[in-house]
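Pasted below: my_file_28.txt, compact mmCIF, C-alpha atoms.
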```txt
# COMPACT_ATOMS: atom_id res chain seq x y z
CA MET A 8 11.35 -44.78 170.47
CA PRO A 9 14.62 -43.27 169.19
CA ALA A 10 14.69 -41.38 165.92
CA HIS A 11 16.23 -44.38 164.21
CA GLN A 12 16.14 -47.98 165.42
CA ASP A 13 19.76 -48.51 164.42
CA GLN A 14 21.04 -45.57 166.46
CA TYR A 15 22.28 -47.61 169.43
CA VAL A 16 24.51 -50.61 170.06
CA GLY A 17 23.49 -51.45 173.60
CA PRO A 18 23.90 -48.22 175.57
CA ARG A 19 26.21 -46.62 173.00
CA ASP A 20 24.73 -43.90 170.82
CA LEU A 21 26.32 -44.20 167.36
CA THR A 22 25.43 -40.59 166.54
CA ARG A 23 27.67 -39.25 169.31
CA TRP A 24 31.31 -38.80 168.30
CA SER A 25 33.53 -38.63 171.36
CA SER A 26 36.93 -38.35 169.65
CA PRO A 27 38.24 -35.08 168.13
CA LEU A 28 38.86 -36.90 164.85
CA GLY A 29 35.27 -38.13 164.78
CA ARG A 30 33.88 -34.65 165.42
CA LEU A 31 36.13 -33.25 162.70
CA LEU A 32 34.84 -35.88 160.28
CA VAL A 33 31.24 -34.92 161.06
CA ARG A 34 31.99 -31.24 160.45
CA CYS A 35 33.66 -32.02 157.12
CA VAL A 36 30.87 -34.23 155.81
CA ARG A 37 27.93 -32.17 157.11
CA PRO A 38 27.82 -29.79 154.10
CA LEU A 39 27.60 -32.77 151.73
CA ALA A 40 24.76 -34.33 153.73
CA ARG A 41 22.86 -31.04 153.76
CA TRP A 42 23.31 -30.66 150.01
CA VAL A 43 22.38 -34.14 148.77
CA GLY A 44 20.67 -35.67 151.80
CA PRO A 45 21.83 -38.40 154.21
CA HIS A 46 21.04 -41.36 151.95
CA THR A 47 22.88 -40.01 148.94
CA ALA A 48 25.76 -38.87 151.13
CA LEU A 49 26.06 -42.42 152.48
CA LEU A 50 26.30 -43.87 148.97
CA LEU A 51 28.76 -41.21 147.84
CA ILE A 52 31.05 -41.76 150.83
CA ILE A 53 31.07 -45.52 150.26
CA ALA A 54 31.65 -45.09 146.52
CA ILE A 55 34.51 -42.64 147.00
CA GLY A 56 35.93 -44.79 149.80
CA GLY A 57 35.76 -47.86 147.58
CA GLY A 58 37.76 -46.13 144.86
CA ILE A 59 40.35 -44.91 147.35
CA ALA A 60 40.54 -48.35 148.97
CA ALA A 61 41.15 -50.04 145.62
CA ALA A 62 43.86 -47.52 144.75
CA LEU A 63 45.54 -47.91 148.13
CA THR A 64 45.34 -51.69 147.79
CA ALA A 65 47.19 -51.54 144.48
CA ALA A 66 49.75 -49.12 145.93
CA SER A 67 50.29 -51.13 149.11
CA ALA A 68 50.68 -54.26 147.00
CA GLU A 69 53.96 -52.88 145.70
CA VAL A 70 55.25 -52.45 149.26
CA TYR A 71 54.03 -55.91 150.15
CA GLU A 72 55.80 -57.42 147.15
CA SER A 73 59.08 -55.76 148.14
CA VAL A 74 58.82 -57.15 151.67
CA VAL A 75 58.03 -60.62 150.36
CA GLU A 76 60.97 -60.57 147.96
CA ALA A 77 63.24 -59.57 150.84
CA ASP A 78 62.03 -62.70 152.66
CA GLY A 79 60.39 -60.62 155.39
CA VAL A 80 56.83 -61.77 156.11
CA ALA A 81 57.41 -64.49 153.52
CA ALA A 82 59.34 -66.36 156.20
CA LEU A 83 55.90 -67.31 157.55
CA ASP A 84 54.66 -68.80 154.31
CA ARG A 85 56.62 -71.99 153.82
CA PRO A 86 56.44 -73.19 157.46
CA ALA A 87 52.67 -72.59 157.45
CA LEU A 88 52.26 -74.56 154.22
CA ASP A 89 54.44 -77.40 155.53
CA LEU A 90 52.33 -77.56 158.70
CA ALA A 91 49.12 -77.66 156.63
CA VAL A 92 50.43 -80.51 154.50
CA SER A 93 51.37 -82.50 157.61
CA LEU A 94 47.83 -82.18 159.00
CA ARG A 95 45.97 -83.35 155.91
CA GLN A 96 43.71 -86.38 155.83
CA ASP A 97 41.26 -87.38 153.12
CA TRP A 98 38.12 -86.83 155.20
CA LEU A 99 39.39 -83.48 156.49
CA ASN A 100 40.36 -82.38 152.98
CA ALA A 101 36.83 -83.09 151.75
CA PHE A 102 35.23 -81.30 154.70
CA ILE A 103 37.38 -78.18 154.41
CA THR A 104 36.96 -78.07 150.62
CA GLY A 105 33.19 -78.03 151.12
CA TYR A 106 33.50 -75.38 153.82
CA THR A 107 35.77 -73.08 151.80
CA ASN A 108 33.28 -73.19 148.91
CA ILE A 109 30.92 -71.16 151.12
CA GLY A 110 33.33 -68.25 150.74
CA GLY A 111 33.81 -68.74 146.99
CA PRO A 112 32.48 -66.76 144.01
CA ILE A 113 29.24 -68.76 144.06
CA GLY A 114 28.70 -69.56 147.71
CA MET A 115 29.41 -66.12 149.17
CA PRO A 116 27.05 -64.13 146.88
CA ILE A 117 24.24 -66.62 147.56
CA LEU A 118 24.85 -66.36 151.30
CA ALA A 119 25.09 -62.56 151.23
CA VAL A 120 21.93 -62.09 149.14
CA GLY A 121 20.00 -64.55 151.32
CA VAL A 122 20.96 -62.75 154.53
CA MET A 123 20.30 -59.35 152.93
CA VAL A 124 16.78 -60.29 151.84
CA LEU A 125 15.98 -61.86 155.22
CA LEU A 126 17.18 -58.85 157.21
CA ALA A 127 15.51 -56.33 154.91
CA ALA A 128 12.18 -58.18 155.00
CA ARG A 129 12.16 -58.72 158.76
CA ARG A 130 13.16 -55.12 159.54
CA ARG A 131 11.28 -53.47 156.67
CA SER A 132 14.43 -51.46 156.14
CA TRP A 133 16.64 -50.59 153.17
CA THR A 134 19.77 -50.47 155.32
CA PRO A 135 20.82 -54.11 154.67
CA VAL A 136 20.11 -53.63 150.95
CA ILE A 137 22.55 -50.71 150.89
CA LEU A 138 25.29 -51.82 153.28
CA ILE A 139 25.75 -55.49 152.35
CA PRO A 140 26.15 -54.97 148.55
CA ALA A 141 28.29 -51.86 149.15
CA ALA A 142 30.59 -53.75 151.50
CA ALA A 143 30.79 -56.72 149.13
CA PHE A 144 31.49 -54.57 146.08
CA GLY A 145 34.29 -52.74 147.86
CA SER A 146 35.97 -55.96 148.96
CA LEU A 147 35.70 -57.26 145.38
CA LEU A 148 37.38 -54.10 144.05
CA MET A 149 40.20 -54.50 146.57
CA THR A 150 40.66 -58.15 145.63
CA VAL A 151 40.84 -57.39 141.90
CA ALA A 152 43.19 -54.43 142.46
CA GLY A 153 45.56 -56.49 144.57
CA LYS A 154 45.65 -59.45 142.20
CA ASP A 155 46.24 -57.24 139.17
CA ALA A 156 48.97 -55.22 140.90
CA ILE A 157 51.12 -58.19 141.94
CA GLY A 158 50.08 -61.36 140.14
CA ARG A 159 51.70 -63.43 142.88
CA LEU A 160 51.91 -67.15 142.18
CA ARG A 161 50.00 -69.54 144.38
CA PRO A 162 51.74 -72.30 146.35
CA PRO A 163 53.09 -75.19 144.22
CA ILE A 164 50.22 -77.13 142.69
CA GLU A 165 51.64 -80.45 143.87
CA LEU A 166 51.14 -79.24 147.45
CA ALA A 167 47.53 -78.11 146.92
CA VAL A 168 44.28 -80.00 147.38
CA PRO A 169 42.13 -80.16 144.22
CA PRO A 170 40.19 -78.52 142.68
CA TYR A 171 43.11 -76.25 141.78
CA GLU A 172 42.90 -72.50 141.23
CA SER A 173 44.85 -70.43 138.74
CA SER A 174 44.13 -66.79 139.56
CA PRO A 175 46.83 -64.70 141.30
CA SER A 176 47.36 -65.51 144.95
CA PHE A 177 47.44 -62.07 146.58
CA PRO A 178 45.22 -61.17 148.30
CA SER A 179 43.02 -64.09 149.29
CA GLY A 180 39.58 -63.20 147.95
CA HIS A 181 37.88 -65.82 150.12
CA SER A 182 39.49 -64.37 153.24
CA LEU A 183 38.80 -60.73 152.38
CA ASN A 184 35.20 -61.24 151.29
CA ALA A 185 34.35 -63.57 154.16
CA LEU A 186 35.63 -61.07 156.73
CA VAL A 187 33.78 -58.14 155.15
CA ILE A 188 30.46 -59.95 154.69
CA ALA A 189 30.56 -61.59 158.12
CA GLY A 190 31.56 -58.28 159.66
CA ILE A 191 28.83 -56.19 158.08
CA VAL A 192 26.17 -58.82 158.86
CA ALA A 193 27.35 -58.95 162.48
CA TYR A 194 27.18 -55.15 162.62
CA LEU A 195 23.61 -55.14 161.30
CA LEU A 196 22.61 -57.81 163.80
CA VAL A 197 24.09 -56.16 166.89
CA LEU A 198 22.25 -52.94 166.01
CA ARG A 199 19.01 -54.67 166.99
CA GLN A 200 20.27 -57.00 169.72
CA GLN A 201 19.50 -55.80 173.23
CA ARG A 202 21.42 -58.33 175.30
CA LYS A 203 25.16 -57.92 175.71
CA ARG A 204 25.66 -61.69 175.68
CA THR A 205 23.83 -62.01 172.37
CA ARG A 206 25.93 -59.28 170.79
CA ALA A 207 29.13 -60.93 172.06
CA LEU A 208 28.03 -64.27 170.58
CA THR A 209 27.24 -62.66 167.22
CA ILE A 210 30.65 -60.98 167.02
CA THR A 211 32.41 -64.17 168.11
CA LEU A 212 30.70 -66.23 165.40
CA ALA A 213 31.59 -63.63 162.76
CA VAL A 214 35.25 -63.64 163.84
CA LEU A 215 35.35 -67.45 163.83
CA PHE A 216 33.83 -67.60 160.35
CA ALA A 217 36.31 -65.10 158.93
CA ALA A 218 39.28 -66.73 160.69
CA THR A 219 38.45 -70.30 159.70
CA MET A 220 37.69 -69.28 156.11
CA GLY A 221 41.11 -67.70 155.81
CA LEU A 222 42.93 -70.59 157.45
CA SER A 223 41.10 -73.07 155.21
CA ARG A 224 42.80 -71.44 152.22
CA VAL A 225 46.22 -72.09 153.73
CA TYR A 226 45.29 -75.63 154.72
CA LEU A 227 44.23 -76.47 151.16
CA GLY A 228 47.41 -74.95 149.72
CA HIS A 229 45.43 -72.42 147.67
CA HIS A 230 47.05 -69.38 149.31
CA TRP A 231 50.15 -68.42 151.22
CA LEU A 232 49.61 -67.39 154.83
CA THR A 233 50.64 -63.80 154.08
CA ASP A 234 47.95 -63.60 151.38
CA VAL A 235 45.41 -64.30 154.10
CA LEU A 236 46.95 -62.00 156.71
CA VAL A 237 46.99 -59.02 154.34
CA ALA A 238 43.45 -59.83 153.20
CA TRP A 239 42.31 -59.65 156.82
CA THR A 240 43.93 -56.25 157.36
CA LEU A 241 42.43 -54.88 154.14
CA GLY A 242 39.03 -56.28 155.09
CA ILE A 243 39.11 -54.72 158.55
CA ALA A 244 40.02 -51.34 157.10
CA TRP A 245 37.22 -51.47 154.52
CA LEU A 246 34.69 -52.68 157.09
CA ALA A 247 35.62 -49.78 159.37
CA LEU A 248 35.04 -47.35 156.51
CA VAL A 249 31.58 -48.76 155.69
CA ILE A 250 30.51 -48.71 159.34
CA THR A 251 31.80 -45.16 159.76
CA ALA A 252 29.82 -44.10 156.68
CA HIS A 253 26.69 -45.63 158.18
CA ARG A 254 27.29 -43.85 161.49
CA LEU A 255 27.57 -40.57 159.60
CA PHE A 256 24.28 -41.35 157.85
CA LEU A 257 22.59 -41.98 161.20
CA THR A 258 24.03 -38.76 162.59
CA PHE A 259 22.85 -36.54 159.75
CA ARG A 260 19.49 -38.27 159.52
CA LEU A 261 18.92 -37.54 163.21
CA HIS A 262 19.98 -33.92 162.72
CA ARG A 263 17.58 -33.53 159.79
CA MET A 264 14.69 -34.99 161.79
CA ALA A 265 15.50 -32.71 164.72
CA ALA A 266 15.57 -29.67 162.40
CA ARG A 267 12.14 -30.60 161.09
CA GLY A 268 10.79 -30.97 164.61
CA ALA A 269 10.28 -34.73 164.39
CA PRO A 270 10.03 -36.49 167.78
CA ALA A 271 13.29 -38.12 168.88
```
For the file at hand, write its structure as structure tokens.
Amino acid sequence: MPAHQDQYVGPRDLTRWSSPLGRLLVRCVRPLARWVGPHTALLLIIAIGGGIAAALTAASAEVYESVVEADGVAALDRPALDLAVSLRQDWLNAFITGYTNIGGPIGMPILAVGVMVLLAARRRSWTPVILIPAAAFGSLLMTVAGKDAIGRLRPPIELAVPPYESSPSFPSGHSLNALVIAGIVAYLLVLRQQRKRTRALTITLAVLFAATMGLSRVYLGHHWLTDVLVAWTLGIAWLALVITAHRLFLTFRLHRMAARGAPA
């Protein structure tokens, strides 16, 4: 059995860094892992990354606002909203409202905690307990930072489907949080899935969930399309950081076990 059950995704060893940038990252972080240990290093990297991500979100929001005011990407917003309005029907409005509530401030935490407890109990592992809350907290920080930095108005209320929302529009918290939670859960699942087809199905379902959650916000008139698009890009960047931090943890944990003479 490998030193850590989460070391492989199919045939790929997550503790092997093939790119020069990856090897450089390992060399830079190794002293920290030796000093505080792999687990603490993982938490520190995620915490520092979360702070940096929130700061960069606030900074990038200013650039985004300038582009929107110049009618750059904003040219997508009104046509997308007009298309959404033209597609609406009462039964579809009710269905999508119920669906989008899954990604809301009540539905998403319940879903995330439920999945976290299930994965942790079945695997007898603390990894889901660390990664899922860390990923969720980071996406929440980015959402708050973006909304505070811009305060962008939502689409006109007369073009929205009730219940109405009053918080700033950028970025879409539903879209950002759904992508991050679905992404980190998919990552945790594929770590233990042996069949390539099963892993492909897991990733496909996660992508569909994130995509449809974001598009539901545009359909209901609760967000502009660009709010969703930027939320997706921010979510992908944050997800990549969390997964990279976990790969570093696996790498240094394996090195520590090897140094102690533990069987690989």
Please indicate the distance in Å from atom CA of A:Val33 to atom CA of A:Gly242, rounded to one decimal place.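 Atom CA of A:Val33 sits 23.5 Å away from atom CA of A:Gly242.
Of the residues under consideration (A:Ile113, A:Leu94, A:Val249, A:Val168), A:Val249 shows the shortest atom-to-atom contact distance to A:Thr134 when counting only C-alpha atoms.
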Atomic distance atom CA of A:Thr150 - atom CA of A:Gly221, expressed in Å with one decimal: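 Separation of atom CA of A:Thr150 and atom CA of A:Gly221: 14.0 Å.
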Pick from A:His181, A:Lys154, A:Arg23, A:Arg95 nearest to A:Asn108, counting all atoms listed in the file: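 Between A:His181, A:Lys154, A:Arg23, A:Arg95, the residue approaching A:Asn108 most closely is A:His181.
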From A:Trp239, A:Phe256, A:Tyr226, A:Tyr106, residue lying nearest A:Pro86 [only C-alpha atoms]: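 Distance minimum relative to A:Pro86 lands on A:Tyr226.
Counting all atoms listed in the file and comparing A:Leu208, A:Asn184, A:Gly228, A:Leu196, the residue that lies closest to A:Leu160 is A:Gly228.
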Can you list, as a PyMOL selection string, every protein, DNA or RNA residue that comes within 10 Å of A:Gly56 when you count all atoms listed in the file, leaving out same-chain residues fewer than 5 positions away? chain A and resi 50-51+61-62+145+245+248-249+252
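Proximity to A:Ser179 was assessed for A:Thr219, A:Ala128, A:Val237, A:Arg206 counting all atoms listed in the file; the smallest distance is recorded for A:Val237.
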So how far away is atom CA of A:Val16 from atom CA of A:Arg202, in Å? 9.8 Å
Which residues are near A:Trp24? Cut-off 10 Å, only C-alpha atoms, ignore same chain within fewer than 5 positions. Put them as a ChimeraX atom specification. /A:29-33,254-255,258
Please return stretch 182-213 of chain A, rebuilt to N, CA and C atoms, as a PDB file, in the frame of the given file.
```
ATOM      1  N   SER A 182      39.245 -64.915 151.905  1.00  0.00           N
ATOM      2  CA  SER A 182      39.490 -64.370 153.240  1.00  0.00           C
ATOM      3  C   SER A 182      38.959 -62.947 153.361  1.00  0.00           C
ATOM      4  N   LEU A 183      39.234 -62.131 152.356  1.00  0.00           N
ATOM      5  CA  LEU A 183      38.800 -60.730 152.380  1.00  0.00           C
ATOM      6  C   LEU A 183      37.284 -60.632 152.349  1.00  0.00           C
ATOM      7  N   ASN A 184      36.652 -61.333 151.423  1.00  0.00           N
ATOM      8  CA  ASN A 184      35.200 -61.240 151.290  1.00  0.00           C
ATOM      9  C   ASN A 184      34.472 -61.837 152.477  1.00  0.00           C
ATOM     10  N   ALA A 185      34.991 -62.946 153.008  1.00  0.00           N
ATOM     11  CA  ALA A 185      34.350 -63.570 154.160  1.00  0.00           C
ATOM     12  C   ALA A 185      34.383 -62.639 155.364  1.00  0.00           C
ATOM     13  N   LEU A 186      35.523 -61.978 155.588  1.00  0.00           N
ATOM     14  CA  LEU A 186      35.630 -61.070 156.730  1.00  0.00           C
ATOM     15  C   LEU A 186      34.672 -59.889 156.562  1.00  0.00           C
ATOM     16  N   VAL A 187      34.623 -59.315 155.372  1.00  0.00           N
ATOM     17  CA  VAL A 187      33.780 -58.140 155.150  1.00  0.00           C
ATOM     18  C   VAL A 187      32.305 -58.493 155.272  1.00  0.00           C
ATOM     19  N   ILE A 188      31.882 -59.574 154.634  1.00  0.00           N
ATOM     20  CA  ILE A 188      30.460 -59.950 154.690  1.00  0.00           C
ATOM     21  C   ILE A 188      30.062 -60.360 156.096  1.00  0.00           C
ATOM     22  N   ALA A 189      30.872 -61.190 156.749  1.00  0.00           N
ATOM     23  CA  ALA A 189      30.560 -61.590 158.120  1.00  0.00           C
ATOM     24  C   ALA A 189      30.546 -60.378 159.042  1.00  0.00           C
ATOM     25  N   GLY A 190      31.487 -59.463 158.817  1.00  0.00           N
ATOM     26  CA  GLY A 190      31.560 -58.280 159.660  1.00  0.00           C
ATOM     27  C   GLY A 190      30.371 -57.359 159.510  1.00  0.00           C
ATOM     28  N   ILE A 191      29.946 -57.110 158.277  1.00  0.00           N
ATOM     29  CA  ILE A 191      28.830 -56.190 158.080  1.00  0.00           C
ATOM     30  C   ILE A 191      27.516 -56.830 158.530  1.00  0.00           C
ATOM     31  N   VAL A 192      27.374 -58.136 158.364  1.00  0.00           N
ATOM     32  CA  VAL A 192      26.170 -58.820 158.860  1.00  0.00           C
ATOM     33  C   VAL A 192      26.141 -58.782 160.385  1.00  0.00           C
ATOM     34  N   ALA A 193      27.283 -59.022 161.020  1.00  0.00           N
ATOM     35  CA  ALA A 193      27.350 -58.950 162.480  1.00  0.00           C
ATOM     36  C   ALA A 193      26.992 -57.544 162.955  1.00  0.00           C
ATOM     37  N   TYR A 194      27.497 -56.543 162.261  1.00  0.00           N
ATOM     38  CA  TYR A 194      27.180 -55.150 162.620  1.00  0.00           C
ATOM     39  C   TYR A 194      25.674 -54.897 162.537  1.00  0.00           C
ATOM     40  N   LEU A 195      25.052 -55.340 161.454  1.00  0.00           N
ATOM     41  CA  LEU A 195      23.610 -55.140 161.300  1.00  0.00           C
ATOM     42  C   LEU A 195      22.820 -55.879 162.385  1.00  0.00           C
ATOM     43  N   LEU A 196      23.303 -57.040 162.766  1.00  0.00           N
ATOM     44  CA  LEU A 196      22.610 -57.810 163.800  1.00  0.00           C
ATOM     45  C   LEU A 196      22.713 -57.150 165.169  1.00  0.00           C
ATOM     46  N   VAL A 197      23.923 -56.718 165.540  1.00  0.00           N
ATOM     47  CA  VAL A 197      24.090 -56.160 166.890  1.00  0.00           C
ATOM     48  C   VAL A 197      23.346 -54.837 167.037  1.00  0.00           C
ATOM     49  N   LEU A 198      23.029 -54.170 165.925  1.00  0.00           N
ATOM     50  CA  LEU A 198      22.250 -52.940 166.010  1.00  0.00           C
ATOM     51  C   LEU A 198      20.872 -53.176 166.621  1.00  0.00           C
ATOM     52  N   ARG A 199      20.359 -54.373 166.481  1.00  0.00           N
ATOM     53  CA  ARG A 199      19.010 -54.670 166.990  1.00  0.00           C
ATOM     54  C   ARG A 199      19.025 -55.652 168.160  1.00  0.00           C
ATOM     55  N   GLN A 200      20.186 -56.048 168.616  1.00  0.00           N
ATOM     56  CA  GLN A 200      20.270 -57.000 169.720  1.00  0.00           C
ATOM     57  C   GLN A 200      20.420 -56.253 171.042  1.00  0.00           C
ATOM     58  N   GLN A 201      19.528 -56.534 171.970  1.00  0.00           N
ATOM     59  CA  GLN A 201      19.500 -55.800 173.230  1.00  0.00           C
ATOM     60  C   GLN A 201      20.424 -56.389 174.297  1.00  0.00           C
ATOM     61  N   ARG A 202      20.627 -57.683 174.248  1.00  0.00           N
ATOM     62  CA  ARG A 202      21.420 -58.330 175.300  1.00  0.00           C
ATOM     63  C   ARG A 202      22.896 -58.328 174.945  1.00  0.00           C
ATOM     64  N   LYS A 203      23.719 -57.976 175.911  1.00  0.00           N
ATOM     65  CA  LYS A 203      25.160 -57.920 175.710  1.00  0.00           C
ATOM     66  C   LYS A 203      25.711 -59.288 175.338  1.00  0.00           C
ATOM     67  N   ARG A 204      25.190 -60.338 175.955  1.00  0.00           N
ATOM     68  CA  ARG A 204      25.660 -61.690 175.680  1.00  0.00           C
ATOM     69  C   ARG A 204      25.357 -62.087 174.234  1.00  0.00           C
ATOM     70  N   THR A 205      24.200 -61.694 173.747  1.00  0.00           N
ATOM     71  CA  THR A 205      23.830 -62.010 172.370  1.00  0.00           C
ATOM     72  C   THR A 205      24.743 -61.284 171.382  1.00  0.00           C
ATOM     73  N   ARG A 206      25.033 -60.033 171.677  1.00  0.00           N
ATOM     74  CA  ARG A 206      25.930 -59.280 170.790  1.00  0.00           C
ATOM     75  C   ARG A 206      27.336 -59.897 170.796  1.00  0.00           C
ATOM     76  N   ALA A 207      27.801 -60.305 171.968  1.00  0.00           N
ATOM     77  CA  ALA A 207      29.130 -60.930 172.060  1.00  0.00           C
ATOM     78  C   ALA A 207      29.171 -62.228 171.266  1.00  0.00           C
ATOM     79  N   LEU A 208      28.097 -63.011 171.322  1.00  0.00           N
ATOM     80  CA  LEU A 208      28.030 -64.270 170.580  1.00  0.00           C
ATOM     81  C   LEU A 208      28.029 -64.005 169.075  1.00  0.00           C
ATOM     82  N   THR A 209      27.284 -63.005 168.639  1.00  0.00           N
ATOM     83  CA  THR A 209      27.240 -62.660 167.220  1.00  0.00           C
ATOM     84  C   THR A 209      28.616 -62.268 166.698  1.00  0.00           C
ATOM     85  N   ILE A 210      29.310 -61.425 167.440  1.00  0.00           N
ATOM     86  CA  ILE A 210      30.650 -60.980 167.020  1.00  0.00           C
ATOM     87  C   ILE A 210      31.620 -62.148 167.029  1.00  0.00           C
ATOM     88  N   THR A 211      31.523 -63.015 168.032  1.00  0.00           N
ATOM     89  CA  THR A 211      32.410 -64.170 168.110  1.00  0.00           C
ATOM     90  C   THR A 211      32.225 -65.099 166.917  1.00  0.00           C
ATOM     91  N   LEU A 212      30.969 -65.350 166.545  1.00  0.00           N
ATOM     92  CA  LEU A 212      30.700 -66.230 165.400  1.00  0.00           C
ATOM     93  C   LEU A 212      31.219 -65.614 164.102  1.00  0.00           C
ATOM     94  N   ALA A 213      31.089 -64.295 163.958  1.00  0.00           N
ATOM     95  CA  ALA A 213      31.590 -63.630 162.760  1.00  0.00           C
ATOM     96  C   ALA A 213      33.110 -63.740 162.679  1.00  0.00           C
TER      97      ALA A 213
END
```
